[in-house]
$ cat my_file.txt   # compact mmCIF, C-alpha atoms and all ligand atoms
# COMPACT_ATOMS: atom_id res chain seq x y z
CA MET A 1 -5.38 -26.41 -0.96
CA ASP A 2 -4.13 -22.86 -0.39
CA ILE A 3 -4.99 -22.58 3.29
CA TRP A 4 -4.17 -18.87 3.48
CA LYS A 5 -6.63 -18.12 0.69
CA GLU A 6 -9.26 -20.55 1.92
CA TYR A 7 -9.45 -18.85 5.32
CA GLY A 8 -8.46 -15.31 4.28
CA LEU A 9 -5.15 -15.34 6.16
CA THR A 10 -1.92 -13.44 5.53
CA LYS A 11 0.79 -15.61 4.01
CA VAL A 12 4.04 -15.90 5.99
CA ILE A 13 7.52 -16.78 4.72
CA ASN A 14 9.22 -18.35 7.71
CA ALA A 15 12.98 -17.76 7.82
CA ARG A 16 12.92 -17.84 11.63
CA GLY A 17 12.49 -21.55 12.33
CA ALA A 18 10.14 -23.50 14.58
CA ALA A 19 8.67 -20.53 16.47
CA THR A 20 5.35 -21.33 18.16
CA VAL A 21 4.08 -17.81 17.30
CA LEU A 22 4.46 -18.68 13.61
CA GLY A 23 2.46 -21.86 13.98
CA ALA A 24 5.59 -23.87 14.90
CA ALA A 25 7.03 -26.61 12.68
CA LYS A 26 5.87 -27.67 9.27
CA CYS A 27 5.23 -31.40 9.59
CA SER A 28 6.29 -34.17 7.21
CA ALA A 29 3.69 -36.18 5.27
CA PRO A 30 3.82 -39.24 7.59
CA VAL A 31 3.24 -37.01 10.65
CA ARG A 32 0.33 -35.22 8.94
CA GLN A 33 -1.18 -38.58 8.00
CA ALA A 34 -0.82 -39.91 11.55
CA VAL A 35 -2.57 -36.81 12.93
CA ALA A 36 -5.40 -37.11 10.40
CA ASP A 37 -5.86 -40.84 11.13
CA ALA A 38 -5.80 -40.22 14.88
CA LEU A 39 -8.78 -37.89 14.55
CA THR A 40 -10.93 -40.77 13.29
CA ILE A 41 -10.59 -43.10 16.31
CA SER A 42 -11.69 -43.51 19.91
CA VAL A 43 -8.95 -44.56 22.28
CA GLU A 44 -8.29 -44.57 26.03
CA MET A 45 -6.07 -41.57 26.73
CA VAL A 46 -4.30 -43.44 29.52
CA ASP A 47 -3.29 -46.04 26.93
CA LEU A 48 -1.93 -43.33 24.61
CA GLN A 49 -0.02 -41.63 27.42
CA ALA A 50 1.56 -44.94 28.46
CA ARG A 51 2.48 -45.56 24.80
CA VAL A 52 4.03 -42.12 24.21
CA SER A 53 6.02 -42.67 27.41
CA ARG A 54 7.80 -45.52 25.56
CA SER A 55 8.53 -43.28 22.53
CA ILE A 56 9.88 -40.50 24.74
CA ALA A 57 12.03 -43.05 26.59
CA ALA A 58 13.47 -44.28 23.27
CA TYR A 59 14.15 -40.70 22.10
CA SER A 60 15.74 -39.52 25.33
CA GLY A 61 17.27 -42.50 27.10
CA ALA A 62 15.03 -41.66 30.09
CA GLU A 63 12.94 -44.21 32.00
CA ALA A 64 9.62 -42.72 30.91
CA GLY A 65 7.74 -39.68 29.66
CA CYS A 66 4.51 -37.74 29.43
CA ALA A 67 2.89 -35.44 26.83
CA THR A 68 1.19 -32.10 27.53
CA GLY A 69 -0.31 -29.26 25.46
CA CYS A 70 2.97 -27.43 24.88
CA THR A 71 6.37 -26.95 26.48
CA ALA A 72 5.21 -24.14 28.75
CA ALA A 73 2.50 -26.54 29.98
CA GLY A 74 5.20 -29.19 30.44
CA ILE A 75 7.15 -26.90 32.78
CA ALA A 76 4.05 -26.15 34.87
CA VAL A 77 3.04 -29.82 35.01
CA ALA A 78 6.59 -30.95 35.86
CA ALA A 79 6.70 -28.42 38.70
CA ALA A 80 3.32 -29.66 39.96
CA ALA A 81 4.53 -33.29 39.81
CA CYS A 82 7.60 -32.46 41.92
CA MET A 83 5.31 -31.13 44.66
CA THR A 84 2.52 -33.73 44.72
CA GLY A 85 4.12 -36.94 43.48
CA ASP A 86 1.33 -39.45 42.75
CA ASN A 87 -0.95 -38.25 45.59
CA LEU A 88 -4.22 -37.68 43.74
CA ALA A 89 -5.81 -35.95 46.74
CA ARG A 90 -3.06 -33.33 46.73
CA ILE A 91 -3.12 -33.10 42.91
CA LYS A 92 -6.75 -32.01 43.14
CA GLU A 93 -5.85 -29.32 45.70
CA LEU A 94 -3.19 -27.38 43.71
CA PRO A 95 -2.38 -24.52 43.77
CA ARG A 96 -2.94 -25.05 47.52
CA VAL A 97 0.44 -26.29 48.70
CA GLU A 98 0.25 -26.34 52.54
CA GLY A 99 2.43 -29.10 53.87
CA LEU A 100 4.09 -29.82 50.50
CA LYS A 101 7.62 -28.87 49.57
CA HIS A 102 6.94 -26.00 47.21
CA GLN A 103 10.09 -23.94 46.81
CA PHE A 104 11.72 -23.90 43.34
CA VAL A 105 15.20 -22.52 42.87
CA ILE A 106 16.38 -20.94 39.63
CA GLN A 107 19.25 -18.71 38.57
CA LYS A 108 18.04 -15.16 37.99
CA GLY A 109 19.50 -15.22 34.46
CA HIS A 110 17.19 -18.15 33.63
CA ILE A 111 14.04 -16.14 34.24
CA ILE A 112 13.19 -15.90 30.56
CA MET A 113 10.06 -16.30 28.51
CA ALA A 114 8.89 -19.84 27.84
CA GLY A 115 7.43 -18.85 24.51
CA GLU A 116 5.99 -15.51 25.63
CA THR A 117 4.99 -16.64 29.14
CA PRO A 118 7.59 -15.85 31.80
CA ILE A 119 8.96 -18.93 33.60
CA TYR A 120 8.02 -17.49 37.03
CA GLN A 121 4.35 -17.47 36.06
CA LEU A 122 4.44 -21.17 35.13
CA VAL A 123 5.70 -22.03 38.61
CA ARG A 124 3.34 -19.64 40.42
CA MET A 125 0.25 -20.91 38.60
CA VAL A 126 0.67 -24.37 40.14
CA GLY A 127 1.31 -22.92 43.61
CA GLY A 128 5.11 -23.06 43.61
CA HIS A 129 7.28 -20.37 45.10
CA LEU A 130 10.29 -19.31 43.08
CA LEU A 131 13.59 -18.44 44.71
CA GLU A 132 15.80 -16.49 42.30
CA LEU A 133 19.53 -16.99 42.81
CA GLY A 134 22.44 -14.75 41.98
CA GLU A 135 22.43 -11.57 39.96
CA ALA A 136 20.83 -11.28 36.53
CA PRO A 137 23.91 -12.28 34.49
CA ASP A 138 25.79 -14.27 37.19
CA CYS A 139 25.32 -17.07 39.72
CA GLY A 140 27.74 -19.03 41.94
CA VAL A 141 27.54 -22.70 42.96
CA TYR A 142 27.82 -21.49 46.58
CA GLN A 143 24.56 -19.54 46.12
CA LEU A 144 22.83 -22.65 44.75
CA GLU A 145 24.11 -24.80 47.65
CA ASP A 146 22.90 -22.25 50.19
CA ALA A 147 19.40 -22.20 48.66
CA LEU A 148 18.74 -25.96 48.61
CA ASP A 149 16.90 -27.03 51.76
CA GLU A 150 14.14 -29.28 53.09
CA ASN A 151 11.48 -27.04 51.51
CA THR A 152 12.95 -27.28 47.98
CA ALA A 153 10.62 -29.15 45.62
CA ALA A 154 12.96 -28.90 42.63
CA ALA A 155 15.59 -26.81 40.90
CA LEU A 156 14.91 -25.42 37.43
CA TYR A 157 17.50 -25.10 34.68
CA VAL A 158 16.74 -23.43 31.36
CA LEU A 159 18.74 -24.27 28.23
CA GLY A 160 18.57 -22.10 25.16
CA GLY A 161 20.03 -19.00 23.58
CA ARG A 162 18.67 -16.30 25.82
CA ALA A 163 19.41 -18.20 29.04
CA ALA A 164 22.95 -19.21 28.08
CA GLY A 165 24.90 -16.28 29.53
CA PRO A 166 28.57 -16.94 30.35
CA GLY A 167 27.94 -16.17 34.06
CA MET A 168 25.46 -19.04 34.52
CA ILE A 169 26.36 -22.29 36.30
CA PRO A 170 26.92 -24.86 33.49
CA PRO A 171 24.14 -27.49 33.34
CA LYS A 172 26.11 -30.56 34.43
CA ARG A 173 27.61 -28.79 37.46
CA PHE A 174 24.13 -27.52 38.37
CA ILE A 175 22.63 -31.03 38.17
CA GLU A 176 25.54 -32.57 40.08
CA THR A 177 25.18 -30.00 42.90
CA CYS A 178 21.42 -30.58 43.21
CA ARG A 179 21.92 -34.35 43.26
CA LYS A 180 24.33 -33.96 46.17
CA TYR A 181 21.43 -32.42 48.11
CA GLN A 182 18.89 -34.92 46.69
CA VAL A 183 16.87 -32.16 45.05
CA PRO A 184 15.21 -33.07 41.71
CA VAL A 185 16.19 -31.00 38.66
CA ILE A 186 13.76 -29.96 35.91
CA VAL A 187 15.55 -28.90 32.73
CA ASP A 188 13.73 -26.87 30.08
CA ASP A 189 15.29 -27.78 26.75
CA ALA A 190 12.53 -26.51 24.49
CA SER A 191 14.70 -27.12 21.40
CA GLY A 192 14.85 -30.82 22.30
CA MET A 193 18.45 -31.00 21.13
CA HIS A 194 20.08 -31.83 24.48
CA VAL A 195 17.49 -34.09 26.11
CA ARG A 196 19.59 -37.26 25.93
CA GLU A 197 22.65 -35.46 27.27
CA MET A 198 20.70 -33.91 30.16
CA ILE A 199 19.06 -37.23 31.10
CA ALA A 200 22.48 -38.89 31.02
CA ALA A 201 23.81 -36.11 33.26
CA GLY A 202 21.16 -36.97 35.86
CA ALA A 203 18.31 -34.51 35.20
CA ASP A 204 15.11 -35.83 36.81
CA LEU A 205 12.73 -34.31 34.24
CA VAL A 206 13.48 -32.63 30.91
CA THR A 207 10.73 -30.67 29.13
CA PHE A 208 10.97 -30.20 25.38
CA SER A 209 8.86 -29.24 22.46
CA CYS A 210 7.25 -31.62 19.98
CA GLN A 211 6.61 -28.77 17.53
CA LYS A 212 10.11 -27.32 17.29
CA TRP A 213 13.04 -29.36 15.94
CA LEU A 214 11.20 -32.63 16.36
CA ARG A 215 8.80 -31.26 13.76
CA GLY A 216 5.63 -32.72 15.19
CA PRO A 217 2.26 -31.14 15.96
CA THR A 218 1.99 -28.74 18.92
CA ALA A 219 2.65 -30.65 22.15
CA GLY A 220 5.02 -30.54 25.08
CA LEU A 221 7.04 -33.63 25.94
CA ILE A 222 8.50 -34.50 29.34
CA ALA A 223 11.22 -37.13 29.72
CA GLY A 224 12.55 -38.41 33.02
CA ARG A 225 12.14 -40.61 36.08
CA ARG A 226 9.25 -43.09 35.84
CA ASP A 227 7.68 -42.03 39.16
CA LEU A 228 7.74 -38.36 38.15
CA ALA A 229 6.50 -38.99 34.58
CA TYR A 230 3.56 -40.86 36.13
CA ALA A 231 2.99 -37.95 38.54
CA CYS A 232 3.01 -35.59 35.51
CA PHE A 233 0.30 -37.67 33.79
CA LEU A 234 -1.84 -37.73 36.95
CA GLN A 235 -1.96 -33.90 36.92
CA GLU A 236 -4.61 -34.32 34.18
CA ASN A 237 -7.02 -34.97 37.06
CA GLY A 238 -6.13 -31.55 38.45
CA ILE A 239 -4.26 -28.47 37.37
CA GLY A 240 -2.90 -30.20 34.27
CA ARG A 241 -6.34 -30.63 32.71
CA PRO A 242 -6.46 -27.26 30.90
CA MET A 243 -2.91 -28.00 29.69
CA LYS A 244 -3.52 -31.46 28.25
CA VAL A 245 -2.88 -32.63 24.70
CA GLY A 246 -5.40 -34.51 22.54
CA LYS A 247 -5.11 -37.87 20.81
CA GLU A 248 -3.94 -36.27 17.55
CA GLY A 249 -1.11 -34.47 19.36
CA ILE A 250 0.08 -37.66 21.04
CA ILE A 251 -0.11 -39.84 17.91
CA GLY A 252 1.59 -37.03 15.99
CA ALA A 253 4.35 -36.96 18.62
CA ILE A 254 4.88 -40.72 18.43
CA GLU A 255 5.15 -40.49 14.63
CA ALA A 256 7.44 -37.41 14.80
CA ILE A 257 9.81 -39.36 17.07
CA ARG A 258 9.66 -42.27 14.64
CA GLN A 259 10.53 -39.97 11.73
CA TRP A 260 13.33 -38.45 13.78
CA GLN A 261 14.77 -41.89 14.46
CA ALA A 262 14.61 -42.62 10.72
CA GLN A 263 16.48 -39.32 10.16
CA GLU A 264 13.73 -38.08 7.88
CA TRP A 265 14.81 -34.47 8.57
CA THR A 266 18.28 -34.94 7.04
CA ARG A 267 16.81 -35.55 3.60
CA ARG A 268 16.19 -31.88 2.85
CA LYS A 269 19.64 -30.77 3.98
CA PRO A 270 21.28 -30.47 0.53
CA GLN A 271 18.39 -28.25 -0.65
CA GLN A 272 18.68 -26.12 2.49
CA GLN A 273 22.43 -25.80 1.98
CA GLN A 274 21.81 -24.50 -1.55
CA MET A 275 19.41 -21.88 -0.18
CA VAL A 276 21.98 -20.76 2.40
CA THR A 277 24.69 -20.44 -0.27
CA TYR A 278 22.34 -18.52 -2.57
CA MET A 279 21.20 -16.06 0.13
CA ALA A 280 24.74 -15.51 1.46
CA GLN A 281 25.99 -14.75 -2.06
CA ARG A 282 23.19 -12.33 -2.87
CA LEU A 283 23.50 -10.35 0.36
CA GLN A 284 27.32 -10.38 0.39
CA GLY A 285 28.03 -7.28 -1.66
CA ILE A 286 25.63 -4.82 0.05
CA PRO A 287 27.60 -1.94 1.67
CA GLY A 288 27.50 -2.09 5.49
CA VAL A 289 26.28 -5.71 5.51
CA THR A 290 28.53 -8.55 6.72
CA VAL A 291 27.33 -12.05 5.94
CA ASN A 292 28.48 -15.44 7.10
CA ALA A 293 26.96 -18.88 6.97
CA PRO A 294 28.48 -21.12 9.65
CA ARG A 295 27.15 -24.55 10.50
CA SER A 296 24.62 -23.92 13.23
CA ALA A 297 25.10 -25.32 16.72
CA HIS A 298 21.47 -24.58 17.58
CA SER A 299 19.58 -25.72 14.53
CA HIS A 300 18.92 -28.98 12.77
CA SER A 301 18.82 -27.14 9.49
CA ALA A 302 21.89 -26.94 7.31
CA GLY A 303 23.17 -23.83 9.06
CA GLY A 304 21.76 -20.37 8.51
CA VAL A 305 22.73 -17.02 7.05
CA HIS A 306 23.96 -14.66 9.77
CA ILE A 307 23.80 -10.98 8.92
CA GLN A 308 25.51 -8.12 10.78
CA VAL A 309 24.45 -4.63 9.78
CA ASP A 310 26.37 -1.39 10.31
CA PRO A 311 23.55 1.19 10.31
CA ALA A 312 26.06 4.06 9.95
CA ILE A 313 26.63 2.72 6.41
CA THR A 314 23.28 1.09 5.52
CA ARG A 315 21.37 4.07 7.00
CA ILE A 316 18.84 1.55 8.37
CA PRO A 317 18.99 -0.48 11.61
CA VAL A 318 17.84 -4.10 11.88
CA TRP A 319 14.76 -3.30 13.99
CA GLU A 320 13.50 -1.14 11.12
CA ILE A 321 14.35 -3.85 8.56
CA SER A 322 12.26 -6.32 10.62
CA ARG A 323 9.38 -3.84 10.71
CA LEU A 324 9.46 -3.45 6.92
CA LEU A 325 9.68 -7.22 6.36
CA ALA A 326 6.60 -7.62 8.58
CA GLU A 327 4.74 -5.26 6.21
CA HIS A 328 5.90 -7.15 3.12
CA ASN A 329 3.40 -9.26 1.23
CA PRO A 330 3.89 -12.14 2.03
CA VAL A 331 5.05 -11.29 5.56
CA ILE A 332 8.72 -12.28 6.02
CA LYS A 333 9.87 -13.38 9.48
CA THR A 334 13.57 -13.74 10.31
CA HIS A 335 15.39 -14.78 13.48
CA ASP A 336 15.83 -11.28 14.91
CA TYR A 337 15.99 -11.65 18.72
CA ASP A 338 19.26 -9.64 18.57
CA PHE A 339 17.91 -6.77 16.47
CA ALA A 340 19.14 -4.29 19.09
CA HIS A 341 22.68 -5.46 18.25
CA ASN A 342 21.93 -5.08 14.54
CA ARG A 343 22.14 -8.82 13.92
CA PHE A 344 19.63 -11.17 12.39
CA SER A 345 19.67 -14.54 10.68
CA LEU A 346 17.80 -16.52 8.07
CA ASP A 347 17.07 -20.17 8.83
CA PRO A 348 16.25 -22.27 5.75
CA ILE A 349 14.56 -25.16 7.53
CA PHE A 350 10.98 -24.21 6.68
CA LEU A 351 11.60 -22.27 3.46
CA GLU A 352 9.86 -23.49 0.32
CA GLU A 353 11.63 -23.48 -3.01
CA GLY A 354 11.74 -19.93 -4.40
CA GLU A 355 11.13 -18.20 -1.06
CA GLU A 356 14.88 -17.59 -0.70
CA VAL A 357 14.62 -15.43 -3.84
CA ILE A 358 11.66 -13.43 -2.49
CA ILE A 359 13.56 -12.78 0.78
CA CYS A 360 16.69 -11.56 -1.03
CA ASP A 361 14.65 -9.37 -3.42
CA ALA A 362 12.88 -7.77 -0.43
CA LEU A 363 16.09 -7.20 1.51
CA GLN A 364 17.88 -5.75 -1.50
CA ARG A 365 15.03 -3.33 -2.10
CA ILE A 366 15.00 -2.28 1.57
CA PHE A 367 18.75 -1.59 1.57
CA GLN A 368 18.56 0.24 -1.76
CA GLU A 369 15.74 2.51 -0.59
CA ALA A 370 17.50 3.13 2.75
CA ALA A 371 20.65 4.22 0.93
CA GLN A 372 18.59 6.94 -0.77
CA GLY A 373 16.49 7.82 2.31
CA ASP A 374 17.04 10.23 5.18
CA GLY A 375 18.52 7.58 7.55
CA ALA A 376 16.30 8.83 10.38
CA ALA A 377 15.68 5.38 11.93
CA ALA A 378 19.43 4.69 12.05
CA GLY A 379 19.85 7.52 14.54
CA GLU A 380 17.04 6.35 16.85
CA GLU A 381 17.29 4.05 19.86
CA PRO A 382 15.78 0.62 19.08
CA PRO A 383 12.47 -0.46 20.64
CA THR A 384 12.69 -3.31 23.16
CA ARG A 385 11.77 -6.82 22.06
CA LEU A 386 8.92 -6.98 24.56
CA ASP A 387 7.43 -3.78 23.13
CA VAL A 388 7.66 -5.18 19.60
CA VAL A 389 5.92 -8.41 20.71
CA ALA A 390 3.27 -6.35 22.54
CA ASP A 391 2.58 -4.39 19.35
CA ILE A 392 2.03 -7.66 17.46
CA MET A 393 -0.41 -8.91 20.12
CA ARG A 394 -2.20 -5.56 20.14
CA SER A 395 -2.83 -5.81 16.40
CA TRP A 396 -5.75 -8.18 17.17
CA PRO A 397 -8.53 -5.54 17.13
CA GLN A 398 -7.32 -4.13 13.80
CA ARG A 399 -7.11 -7.60 12.25
CA GLU A 400 -10.51 -8.61 13.58
CA SER A 401 -12.06 -5.46 12.16
CA ASP A 402 -10.33 -6.09 8.78
CA PHE A 403 -11.92 -9.56 8.65
CA ARG A 404 -15.30 -7.99 9.40
CA ALA A 405 -14.82 -5.39 6.66
CA ARG A 406 -14.07 -8.20 4.21
CA GLY A 407 -17.33 -9.94 5.13
CA ILE A 408 -15.54 -12.91 6.73
C1 LIG B 1 9.64 -22.21 22.69
C2 LIG B 1 10.15 -22.24 24.08
C3 LIG B 1 9.31 -22.58 25.15
C4 LIG B 1 7.81 -22.73 25.00
O1 LIG B 1 7.41 -23.65 24.11
P1 LIG B 1 5.85 -23.79 23.78
O2 LIG B 1 5.75 -25.19 23.33
O3 LIG B 1 5.55 -22.77 22.75
O4 LIG B 1 5.11 -23.56 25.05
C5 LIG B 1 9.84 -22.70 26.43
N1 LIG B 1 11.14 -22.46 26.67
C6 LIG B 1 12.00 -22.09 25.68
C7 LIG B 1 13.45 -21.87 26.01
C8 LIG B 1 11.52 -21.98 24.34
O5 LIG B 1 12.36 -21.65 23.34

$ encode --input "my_file.txt" --output "structure tokens"
Amino acid sequence: MDIWKEYGLTKVINARGAATVLGAAKCSAPVRQAVADALTISVEMVDLQARVSRSIAAYSGAEAGCATGCTAAGIAVAAAACMTGDNLARIKELPRVEGLKHQFVIQKGHIIMAGETPIYQLVRMVGGHLLELGEAPDCGVYQLEDALDENTAAALYVLGGRAAGPGMIPPKRFIETCRKYQVPVIVDDASGMHVREMIAAGADLVTFSCQKWLRGPTAGLIAGRRDLAYACFLQENGIGRPMKVGKEGIIGAIEAIRQWQAQEWTRRKPQQQQMVTYMAQRLQGIPGVTVNAPRSAHSHSAGGVHIQVDPAITRIPVWEISRLLAEHNPVIKTHDYDFAHNRFSLDPIFLEEGEEVIICDALQRIFQEAAQGDGAAAGEEPPTRLDVVADIMRSWPQRESDFRARGI
């Protein structure tokens, strides 16, 4: 079935990867089947949560685990668990935190968006108080040591591209320092690529996404200490209830971990590699465009195509290229977090056969037309990423009115 057509939606070619805003991962047939089957049964959710704990333990090397609605929910629930433990009376009182340890320490440079929700909001919504350490790009171990005290519920550490500045305390040193002061550490590894390593390094809870590289349905997974994983589950009787995951999400997660263990995701690698080679070759010769295709350290796909643009030559900056690709039919989404630096990349992991050709045709046309245009955008300052995201969100009224006009 053509789902886009069936529901009147705009088709998207996803060269970005497992972004939640693009509907996250495309799931394999066994995962889809598990989700569909799950929707036909009744089951005790406590039984499912205890079962997924075993899958998360096998995936991560941790004692236990818990599943939530998404990774952002996982961070909030993990923070709540570090304050209340398994005290159900206190769980039902959050965000009232009188008498509980409720300070959370974090390096200022780790205050990023968890998806589009800022990390500070996830801590505040459960009643936690966030203490930001250091300066935006820098933090010292001495500042962390000074901040840890008897009121500290946990320390937060965020892994991932935008939090990985060179001035941040490296994760193992951060965990080691917190352990010295017996303060639990929550690590956000939304990619899910370093969970085992972080657990082995002594992290108490690691939150990661089921719908990113694990390629499951939308859910957040938490791996860690058994007492804290249990305390995370118990939040479903309190503040965790609006953040819970359903039976299909949990069964889908169990199956996604199973597929991961069977290395199902490696099977498409040769095809992805061909796409990378094709796209790199086609974009190579464009004046002002530098292309390389290294093996990715951050992706489970067979690398990606990294593109650096010199707008003085192309007469078009990357933020304008992204805007034009968003107007293309189908919409084309690339990994363009660094558009202000005139860089973007194409990840093949969720590309269907033939989409690599459509992307290259569109890019070639954009560069050709820019070469003949007035180059006005190349002389402008780029918009900020937050303003671009805001514009996307604010397109809702226009889209809703378009659906109405089409009689949908
Ligand atoms: C994607 C992401 C999240 C949020 O994941 P959701 O499951 O969409 O809530 C949190 N932190 C980081 C670093 C991410 O990349």

$ atom_distance --input "my_file.txt" --atom1 "CA of Arg90 (chain A)" --atom2 "CA of Glu236 (chain A)"
12.7 Å

$ residues_around --input "my_file.txt" --residues "region 97-109 of chain A" --least-positions-apart "2" --cutoff "7 Å" --atoms "all atoms listed in the file" --output "number ranges by chain"
A: 83, 94-95, 111, 127-139, 151-157, 163

$ residues_near_point --input "my_file.txt" --point "(5.5, -40.6, 38.1)" --cutoff "12 Å" --atoms "only C-alpha atoms" --output "PyMOL selection string"
chain A and resi 50+53+63-66+77-78+80-88+204-205+222-235

$ residues_around --input "my_file.txt" --residues "region 24-38 of chain A" --least-positions-apart "2" --cutoff "9 Å" --atoms "all atoms listed in the file" --output "VMD selection string"
chain A and resid 17 to 22 40 to 42 210 to 218 247 to 256 259 264 to 265 350

$ residues_near_ligand --input "my_file.txt" --ligand "ligand LIG 1 (chain B)" --cutoff "7 Å" --atoms "all atoms listed in the file" --output "list in words"
Ala19, Thr20, Cys70, Thr71, Ala72, Ala73, Met113, Ala114, Gly115, Val158, Leu159, Gly160, Asp188, Asp189, Ala190, Ser191, Ser209, Gln211, Thr218, Ala219 and Gly220 of chain A

$ residues_around --input "my_file.txt" --residues "Gly202 (chain A)" --least-positions-apart "2" --cutoff "8 Å" --atoms "all atoms listed in the file" --output "PyMOL selection string"
chain A and resi 175-176+179+198-200+204

$ closest_residue --input "my_file.txt" --among "A:Ala378, A:Val389, A:Leu325, A:Met125" --to "Asp310 (chain A)" --atoms "all atoms listed in the file"
A:Ala378

$ closest_residue --input "my_file.txt" --among "A:Gln284, A:Thr266, A:Ser345, A:Glu381" --to "Ile316 (chain A)" --atoms "all atoms listed in the file"
A:Glu381

$ closest_residue --input "my_file.txt" --among "A:His328, A:His341, A:Lys172, A:His335" --to "Thr384 (chain A)" --atoms "only C-alpha atoms"
A:His341

$ closest_residue --input "my_file.txt" --among "A:His110, A:Gln121, A:Met243, A:Glu116" --to "Met168 (chain A)" --atoms "all atoms listed in the file"
A:His110

$ residues_around --input "my_file.txt" --residues "Ile349 (chain A)" --least-positions-apart "4" --cutoff "10 Å" --atoms "all atoms listed in the file" --output "PDB file with C-alpha atoms, keeping the file's coordinate frame"
ATOM      1  CA  ASN A  14       9.220 -18.350   7.710  1.00  0.00           C
ATOM      2  CA  ALA A  15      12.980 -17.760   7.820  1.00  0.00           C
ATOM      3  CA  ARG A  16      12.920 -17.840  11.630  1.00  0.00           C
ATOM      4  CA  GLY A  17      12.490 -21.550  12.330  1.00  0.00           C
ATOM      5  CA  ALA A  18      10.140 -23.500  14.580  1.00  0.00           C
ATOM      6  CA  ALA A  25       7.030 -26.610  12.680  1.00  0.00           C
ATOM      7  CA  LYS A  26       5.870 -27.670   9.270  1.00  0.00           C
ATOM      8  CA  TRP A 213      13.040 -29.360  15.940  1.00  0.00           C
ATOM      9  CA  TRP A 265      14.810 -34.470   8.570  1.00  0.00           C
ATOM     10  CA  ARG A 268      16.190 -31.880   2.850  1.00  0.00           C
ATOM     11  CA  LYS A 269      19.640 -30.770   3.980  1.00  0.00           C
ATOM     12  CA  GLN A 271      18.390 -28.250  -0.650  1.00  0.00           C
ATOM     13  CA  GLN A 272      18.680 -26.120   2.490  1.00  0.00           C
ATOM     14  CA  GLN A 273      22.430 -25.800   1.980  1.00  0.00           C
ATOM     15  CA  MET A 275      19.410 -21.880  -0.180  1.00  0.00           C
ATOM     16  CA  SER A 299      19.580 -25.720  14.530  1.00  0.00           C
ATOM     17  CA  HIS A 300      18.920 -28.980  12.770  1.00  0.00           C
ATOM     18  CA  SER A 301      18.820 -27.140   9.490  1.00  0.00           C
ATOM     19  CA  ALA A 302      21.890 -26.940   7.310  1.00  0.00           C
ATOM     20  CA  GLY A 303      23.170 -23.830   9.060  1.00  0.00           C
ATOM     21  CA  GLY A 304      21.760 -20.370   8.510  1.00  0.00           C
TER      22      GLY A 304
END

$ residues_around --input "my_file.txt" --residues "Glu327 (chain A)" --least-positions-apart "4" --cutoff "12 Å" --atoms "only C-alpha atoms" --output "JSON, numbers by chain"
{"A": [10, 11, 12, 13, 320, 321, 322, 323, 331, 332, 333, 362, 366, 392]}

$ write_last_selection --input "my_file.txt" --atoms "C-alpha atoms" --output "PDB file, in the coordinates of the input"
ATOM      1  CA  THR A  10      -1.920 -13.440   5.530  1.00  0.00           C
ATOM      2  CA  LYS A  11       0.790 -15.610   4.010  1.00  0.00           C
ATOM      3  CA  VAL A  12       4.040 -15.900   5.990  1.00  0.00           C
ATOM      4  CA  ILE A  13       7.520 -16.780   4.720  1.00  0.00           C
ATOM      5  CA  GLU A 320      13.500  -1.140  11.120  1.00  0.00           C
ATOM      6  CA  ILE A 321      14.350  -3.850   8.560  1.00  0.00           C
ATOM      7  CA  SER A 322      12.260  -6.320  10.620  1.00  0.00           C
ATOM      8  CA  ARG A 323       9.380  -3.840  10.710  1.00  0.00           C
ATOM      9  CA  VAL A 331       5.050 -11.290   5.560  1.00  0.00           C
ATOM     10  CA  ILE A 332       8.720 -12.280   6.020  1.00  0.00           C
ATOM     11  CA  LYS A 333       9.870 -13.380   9.480  1.00  0.00           C
ATOM     12  CA  ALA A 362      12.880  -7.770  -0.430  1.00  0.00           C
ATOM     13  CA  ILE A 366      15.000  -2.280   1.570  1.00  0.00           C
ATOM     14  CA  ILE A 392       2.030  -7.660  17.460  1.00  0.00           C
TER      15      ILE A 392
END

$ closest_residue --input "my_file.txt" --among "A:Thr207, A:Gln364, A:Gln372, A:Gln49" --to "Ile75 (chain A)" --atoms "only C-alpha atoms"
A:Thr207

$ closest_residue --input "my_file.txt" --among "A:Gly69, A:Gly246, A:Pro317, A:Pro171" --to "Val185 (chain A)" --atoms "all atoms listed in the file"
A:Pro171

$ atom_distance --input "my_file.txt" --atom1 "CA of Phe344 (chain A)" --atom2 "CA of Gly288 (chain A)"
13.9 Å

$ atom_distance --input "my_file.txt" --atom1 "CA of Leu363 (chain A)" --atom2 "CA of Asp402 (chain A)"
27.4 Å

$ residues_near_point --input "my_file.txt" --point "(28.2, -4.8, 8.4)" --cutoff "8 Å" --atoms "only C-alpha atoms" --output "PyMOL selection string"
chain A and resi 287-291+307-311+313
